[in-house]
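Data file: work_6.txt. Format and content: compact mmCIF, C-alpha atoms.
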```txt
# COMPACT_ATOMS: atom_id res chain seq x y z
CA MET A 1 -2.14 -26.90 7.02
CA GLY A 2 -0.01 -24.48 5.04
CA LEU A 3 3.56 -25.22 4.10
CA ARG A 4 6.26 -23.44 6.07
CA SER A 5 9.37 -22.31 4.23
CA THR A 6 12.69 -23.43 5.68
CA ARG A 7 14.58 -20.65 3.89
CA ARG A 8 16.17 -18.29 6.37
CA LEU A 9 15.96 -14.61 5.60
CA ARG A 10 19.25 -12.80 5.38
CA THR A 11 19.90 -10.13 7.95
CA ARG A 12 20.18 -6.79 6.23
CA ARG A 13 23.33 -5.02 7.32
CA PRO A 14 24.28 -1.35 7.04
CA HIS A 15 26.06 -0.51 3.79
CA PRO A 16 28.87 2.05 4.08
CA PHE A 17 29.11 3.65 0.66
CA LEU A 18 32.46 5.09 -0.38
CA PRO A 19 32.38 6.63 -3.88
CA SER A 20 36.18 6.66 -3.90
CA GLU A 21 36.08 2.88 -4.21
CA GLY A 22 34.99 3.34 -7.82
CA ARG A 23 31.91 1.16 -7.61
CA LEU A 24 29.06 1.54 -10.10
CA THR A 25 25.76 3.11 -9.08
CA ALA A 26 22.73 2.88 -11.36
CA ALA A 27 19.80 5.31 -11.30
CA LEU A 28 16.50 4.03 -12.75
CA ASP A 29 13.33 5.85 -13.74
CA ALA A 30 10.26 4.83 -15.74
CA THR A 31 7.58 6.65 -13.75
CA THR A 32 6.56 8.96 -16.63
CA GLU A 33 6.44 8.69 -20.42
CA ALA A 34 10.25 8.68 -20.44
CA VAL A 35 12.55 5.84 -19.43
CA GLY A 36 15.88 6.93 -17.99
CA VAL A 37 19.06 5.33 -16.71
CA ALA A 38 22.23 6.96 -15.42
CA ILE A 39 25.37 5.24 -14.16
CA ALA A 40 28.17 6.59 -11.98
CA ARG A 41 31.59 5.16 -11.35
CA GLY A 42 32.46 6.28 -7.86
CA ASP A 43 31.03 9.80 -7.58
CA THR A 44 31.22 10.63 -11.31
CA CYS A 45 28.37 10.15 -13.76
CA VAL A 46 29.81 8.28 -16.74
CA LEU A 47 26.69 7.50 -18.78
CA THR A 48 23.07 8.62 -19.14
CA ARG A 49 20.22 7.34 -21.31
CA ARG A 50 16.70 8.72 -21.61
CA THR A 51 14.10 7.82 -24.21
CA LEU A 52 10.37 7.71 -24.73
CA HIS A 53 9.33 4.10 -24.26
CA ALA A 54 8.24 2.24 -27.37
CA ALA A 55 8.19 -1.18 -25.71
CA PRO A 56 6.38 -2.00 -22.46
CA LYS A 57 8.08 -0.04 -19.69
CA GLY A 58 9.46 -3.04 -17.86
CA THR A 59 11.09 -4.33 -21.04
CA ALA A 60 12.37 -0.87 -21.98
CA LEU A 61 13.90 -0.15 -18.56
CA SER A 62 15.63 -3.53 -18.44
CA ALA A 63 16.94 -3.13 -21.98
CA VAL A 64 18.24 0.40 -21.41
CA LEU A 65 20.03 -0.65 -18.21
CA THR A 66 21.53 -3.75 -19.83
CA GLU A 67 22.77 -1.76 -22.84
CA ALA A 68 24.18 1.00 -20.63
CA LEU A 69 26.11 -1.45 -18.47
CA ALA A 70 27.36 -3.33 -21.54
CA GLU A 71 28.68 -0.07 -22.99
CA LEU A 72 30.79 0.26 -19.85
CA GLY A 73 31.89 -3.36 -20.06
CA ALA A 74 29.88 -4.20 -16.95
CA THR A 75 26.93 -6.32 -15.83
CA PRO A 76 24.39 -5.91 -13.01
CA ALA A 77 26.78 -7.89 -10.79
CA ASP A 78 29.18 -4.92 -10.93
CA LEU A 79 26.69 -2.57 -9.25
CA GLY A 80 27.47 -1.30 -5.77
CA ALA A 81 24.23 0.64 -5.26
CA VAL A 82 20.94 1.44 -7.01
CA VAL A 83 18.81 4.59 -7.00
CA ALA A 84 15.20 4.77 -8.20
CA THR A 85 12.26 7.11 -8.46
CA ARG A 86 9.32 5.94 -6.35
CA GLY A 87 6.51 8.04 -7.81
CA PRO A 88 4.02 9.42 -8.16
CA GLY A 89 3.51 8.94 -11.86
CA SER A 90 2.20 6.22 -14.13
CA PHE A 91 0.80 3.48 -11.87
CA THR A 92 2.48 0.76 -13.91
CA GLY A 93 5.70 2.72 -14.39
CA VAL A 94 6.05 3.44 -10.68
CA ARG A 95 5.64 -0.23 -9.78
CA LEU A 96 8.03 -1.45 -12.47
CA THR A 97 10.73 1.07 -11.55
CA LEU A 98 10.67 0.27 -7.86
CA MET A 99 10.34 -3.49 -8.40
CA ALA A 100 13.41 -3.49 -10.66
CA ALA A 101 15.44 -1.48 -8.15
CA LYS A 102 14.33 -3.61 -5.20
CA ALA A 103 15.17 -6.81 -7.07
CA LEU A 104 18.69 -5.56 -7.82
CA ALA A 105 19.26 -4.32 -4.27
CA TRP A 106 18.00 -7.54 -2.68
CA SER A 107 19.66 -10.03 -5.03
CA LEU A 108 23.03 -8.23 -5.02
CA ASP A 109 22.84 -7.19 -1.36
CA ILE A 110 23.59 -3.55 -2.20
CA PRO A 111 22.16 -0.24 -0.92
CA LEU A 112 18.91 1.18 -2.31
CA VAL A 113 17.90 4.85 -2.39
CA THR A 114 14.45 6.04 -3.49
CA VAL A 115 13.56 9.60 -4.50
CA ASP A 116 10.16 11.22 -5.14
CA THR A 117 9.68 11.76 -8.88
CA PRO A 118 8.66 15.46 -8.62
CA ARG A 119 11.75 16.08 -6.46
CA VAL A 120 13.93 14.89 -9.33
CA ILE A 121 12.17 17.22 -11.76
CA ALA A 122 12.46 20.16 -9.36
CA ALA A 123 16.16 19.57 -8.71
CA THR A 124 17.08 20.29 -12.33
CA VAL A 125 16.79 24.04 -11.69
CA PRO A 126 17.82 26.25 -8.75
CA GLY A 127 15.36 28.07 -6.53
CA PRO A 128 11.64 27.50 -5.89
CA VAL A 129 9.79 25.23 -8.31
CA ALA A 130 6.18 24.24 -8.97
CA VAL A 131 5.97 20.74 -10.44
CA ALA A 132 2.64 19.76 -12.01
CA MET A 133 2.70 16.25 -13.43
CA ASP A 134 -0.14 14.92 -15.57
CA ALA A 135 -1.85 12.34 -13.34
CA ARG A 136 -4.36 11.36 -16.04
CA GLN A 137 -8.07 11.11 -15.26
CA GLY A 138 -8.29 14.91 -15.41
CA GLU A 139 -5.92 15.52 -12.49
CA VAL A 140 -2.37 16.67 -11.84
CA TYR A 141 0.12 15.74 -9.14
CA LEU A 142 1.17 19.08 -7.70
CA ALA A 143 4.35 19.56 -5.67
CA LEU A 144 5.58 23.01 -4.61
CA TYR A 145 9.24 23.29 -3.55
CA ASP A 146 10.89 26.20 -1.78
CA GLY A 147 14.35 27.49 -2.58
CA SER A 148 16.02 24.83 -0.42
CA GLY A 149 14.35 21.99 -2.30
CA GLU A 150 11.88 21.16 0.48
CA LEU A 151 8.16 20.67 -0.09
CA ALA A 152 6.37 23.92 0.70
CA THR A 153 3.01 22.14 0.97
CA PRO A 154 2.05 18.45 1.01
CA MET A 155 1.97 16.83 -2.42
CA ALA A 156 -1.57 16.28 -3.69
CA PRO A 157 -3.61 15.19 -6.73
CA LEU A 158 -5.74 18.14 -7.83
CA SER A 159 -8.01 19.24 -10.63
CA PRO A 160 -6.27 21.53 -13.13
CA ASP A 161 -8.33 24.49 -11.90
CA ASP A 162 -7.42 23.91 -8.26
CA ALA A 163 -3.79 23.34 -9.18
CA ALA A 164 -3.72 26.60 -11.14
CA LEU A 165 -5.08 28.48 -8.12
CA ARG A 166 -2.46 27.01 -5.78
CA ILE A 167 0.33 27.73 -8.23
CA SER A 168 -0.90 31.31 -8.65
CA ASP A 169 -0.80 31.77 -4.86
CA PHE A 170 2.70 30.24 -4.82
CA LEU A 171 3.85 32.63 -7.56
CA ALA A 172 2.44 35.58 -5.62
CA THR A 173 5.03 34.96 -2.90
CA THR A 174 7.77 33.43 -5.10
CA PRO A 175 7.43 35.12 -8.52
CA SER A 176 10.73 33.66 -9.71
CA ALA A 177 9.57 30.07 -9.26
CA ALA A 178 10.12 27.75 -12.21
CA LEU A 179 7.13 25.88 -13.65
CA LEU A 180 7.87 22.30 -14.68
CA GLY A 181 5.93 19.16 -15.48
CA THR A 182 3.71 17.77 -18.22
CA GLY A 183 0.60 19.21 -16.59
CA PHE A 184 1.57 22.63 -17.92
CA VAL A 185 1.28 21.27 -21.46
CA VAL A 186 -1.83 19.11 -21.11
CA TYR A 187 -4.35 21.26 -19.20
CA PRO A 188 -5.55 24.74 -20.32
CA PRO A 189 -5.68 26.29 -16.79
CA LEU A 190 -1.99 25.46 -16.39
CA GLN A 191 -1.12 26.38 -19.97
CA ALA A 192 -2.26 29.89 -19.11
CA LEU A 193 0.46 30.05 -16.45
CA ARG A 194 3.18 28.63 -18.72
CA PRO A 195 2.39 29.04 -22.41
CA THR A 196 5.53 27.21 -23.58
CA GLY A 197 5.50 23.74 -25.08
CA LEU A 198 6.82 20.45 -23.79
CA GLN A 199 10.47 20.50 -22.73
CA ALA A 200 12.99 17.96 -21.54
CA ALA A 201 12.91 19.40 -18.01
CA ASP A 202 9.25 18.35 -17.70
CA PHE A 203 10.45 14.75 -17.25
CA PRO A 204 12.76 13.32 -14.59
CA ASP A 205 16.41 13.67 -15.57
CA PRO A 206 18.31 10.43 -14.78
CA ALA A 207 21.57 12.32 -14.15
CA THR A 208 19.81 14.50 -11.57
CA LEU A 209 18.29 11.40 -9.97
CA LEU A 210 21.78 9.91 -9.79
CA THR A 211 23.17 13.07 -8.15
CA LEU A 212 20.45 13.05 -5.50
CA GLY A 213 21.01 9.35 -4.91
CA LEU A 214 24.76 9.69 -4.50
CA ALA A 215 24.25 12.47 -1.95
CA ALA A 216 21.85 10.27 0.01
CA LEU A 217 24.26 7.33 -0.11
CA ALA A 218 27.12 9.47 1.14
CA GLU A 219 24.96 10.45 4.12
CA GLY A 220 23.78 6.90 4.75
CA ARG A 221 20.16 7.66 3.84
CA THR A 222 19.14 4.35 2.29
CA THR A 223 15.89 2.40 2.01
CA ASP A 224 15.31 -1.21 2.98
CA PRO A 225 14.47 -3.06 -0.27
CA VAL A 226 12.10 -5.32 1.63
CA THR A 227 9.90 -2.51 2.94
CA ALA A 228 10.32 0.11 0.18
CA GLU A 229 6.92 1.18 -1.12
CA PRO A 230 5.79 3.19 -4.16
CA LEU A 231 4.47 6.72 -3.64
CA TYR A 232 1.13 6.79 -5.44
CA VAL A 233 -0.33 9.90 -3.70
CA ARG A 234 -3.81 8.76 -4.72
CA ALA A 235 -5.51 5.37 -4.79
CA PHE A 236 -5.44 3.51 -8.08
CA LYS A 237 -8.70 3.98 -9.96
CA PRO A 238 -9.08 1.48 -12.81
CA THR A 239 -10.99 2.68 -15.83
CA ALA A 240 -13.57 0.53 -17.58
CA PRO A 241 -12.68 -0.62 -21.10
CA PRO A 242 -14.64 1.09 -23.89
CA ARG A 243 -17.81 -0.64 -24.95
CA ALA A 244 -17.86 -2.29 -28.35
```

Reformat the file's structure so that it appears as C-alpha cells.
Amino acid sequence: MGLRSTRRLRTRRPHPFLPSEGRLTAALDATTEAVGVAIARGDTCVLTRRTLHAAPKGTALSAVLTEALAELGATPADLGAVVATRGPGSFTGVRLTLMAAKALAWSLDIPLVTVDTPRVIAATVPGPVAVAMDARQGEVYLALYDGSGELATPMAPLSPDDAALRISDFLATTPSAALLGTGFVVYPPLQALRPTGLQAADFPDPATLLTLGLAALAEGRTTDPVTAEPLYVRAFKPTAPPRA
C-alpha cells in the first residue's frame, strides 16, 4: 500500500497586481544560447542582464538572478511576480527556465506569467516579423507574426528549405517584415533571405520579456505555477552519443 501524504495543498488565490505598489518583478530566460534577467520596480525596468552561458544554464540563470537582485539590495523574497519564457528553444533551457520560475511563484505565492520565446524576439521591433530559431537537428522553429503581434500561422518546426519557402510567401504579402532569429545565421536557405550576421535581436531580450509580462500582469493574465507547461513544439528526440 502506498503512503498517503498528509500535507494539504494551498488554495491558489487570484493575485491583483498593482505596479504602483513598487514591488519587484523578475523576468527570466535561458531558452536559447543566451541567459537573460530583467527586474522591474513597480512598472519601471531598473536592471537587465544578458550573457552567453559559460556555466550550465541552470547555474547561470540562478547566478545572474541572484547577482541582479543583490545589486538592488534585494533577495528572491522581495519579488512580487515572476515572468518567464516557456519555449520553444533548447530542450534543457526551456525546462530550466520554467522550473525556476514555477519554483519562485509557488514558494513565494506570487503571480507567474509565461511568454512564448519567439513572441519575445518578435516584440523587439514594430510591425510584422518572421522569427526563425535554430531548433538543431537540421530544423528551425518558425513563427510568423502580423503587425499586431499575433501569430499569422501556427508555429511549427520545419526544414530550412520549407521555412525559407514559407518566409518568402510571407514576405510577398508583407515585404516590410523583419527577419529575426538564429536560423537566419545557421542555415544557407535562410541566409539567402537575410545575408547579415548574428545580432543581439536574434535572441530574446529580457527587458522586452519584462514589458510583455508587466502588461499581462496588469490585465490579470497569469499562469498557474502548478499546471504551467513548457512549449516544445516538437517531441524531444535524443541523439545517440558518438561511437568511440

Write out as a CSV table (one decimal) with C-alpha atoms, in the frame of the given file which residues come within 12 Å of Ala103 (chain A) when counting all atoms listed in the file, dropping same-chain ones fewer than 5 positions away.
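So around_26.csv came out as:
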```csv
chain,number,residue,atom,x,y,z
A,62,SER,CA,15.6,-3.5,-18.4
A,76,PRO,CA,24.4,-5.9,-13.0
A,81,ALA,CA,24.2,0.6,-5.3
A,82,VAL,CA,20.9,1.4,-7.0
A,83,VAL,CA,18.8,4.6,-7.0
A,84,ALA,CA,15.2,4.8,-8.2
A,95,ARG,CA,5.6,-0.2,-9.8
A,96,LEU,CA,8.0,-1.4,-12.5
A,97,THR,CA,10.7,1.1,-11.6
A,98,LEU,CA,10.7,0.3,-7.9
A,108,LEU,CA,23.0,-8.2,-5.0
A,109,ASP,CA,22.8,-7.2,-1.4
A,110,ILE,CA,23.6,-3.6,-2.2
A,111,PRO,CA,22.2,-0.2,-0.9
A,112,LEU,CA,18.9,1.2,-2.3
A,224,ASP,CA,15.3,-1.2,3.0
A,225,PRO,CA,14.5,-3.1,-0.3
A,226,VAL,CA,12.1,-5.3,1.6
A,228,ALA,CA,10.3,0.1,0.2
```

Review point. Interatomic distance between CA of Pro189 (chain A) and CA of Ala164 (chain A)?
Key: 6.0 Å

Exercise for review: Go through A:Gly22, A:Gly220, A:Pro204, A:Gly73 one by one, measure the shortest atom-to-atom distance of each to Gly87 (chain A) using only C-alpha atoms, and give the residue with the smallest value.
Suggested key: A:Pro204

Practice item. Find the residues around region 135-137 of chain A up to 9 Å (all atoms listed in the file counted), leave out those fewer than 2 positions away in its own chain, and share them as a list of chain:residue names. Key: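 Contacts, in chain order: A:Pro88, A:Gly89, A:Ser90, A:Ala132, A:Met133, A:Glu139, A:Val140, A:Tyr141, A:Pro157, A:Leu158, A:Gly183, A:Lys237, A:Thr239.
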
Point to revise | Pairwise distance for CA of Thr75 (chain A) and CA of Thr208 (chain A), rounded to one decimal in Å | key: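 Atom-to-atom, CA of Thr75 (chain A) to CA of Thr208 (chain A), that is 22.4 Å.
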
Review point. Which is closer to Ser176 (chain A) than all the others in A:Gly213, A:Gly36, A:Gly147, A:Gly138, using all atoms listed in the file?
Key: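 Of A:Gly213, A:Gly36, A:Gly147, A:Gly138, the one nearest Ser176 (chain A) is A:Gly147, counting all atoms listed in the file.
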
Review point. Quick one: of A:Leu179, A:Pro230, A:Thr211, A:Ala123, who's nearest to Gly197 (chain A), counting only C-alpha atoms?
Key: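 Among the listed residues, the smallest separation from Gly197 (chain A) belongs to A:Leu179.
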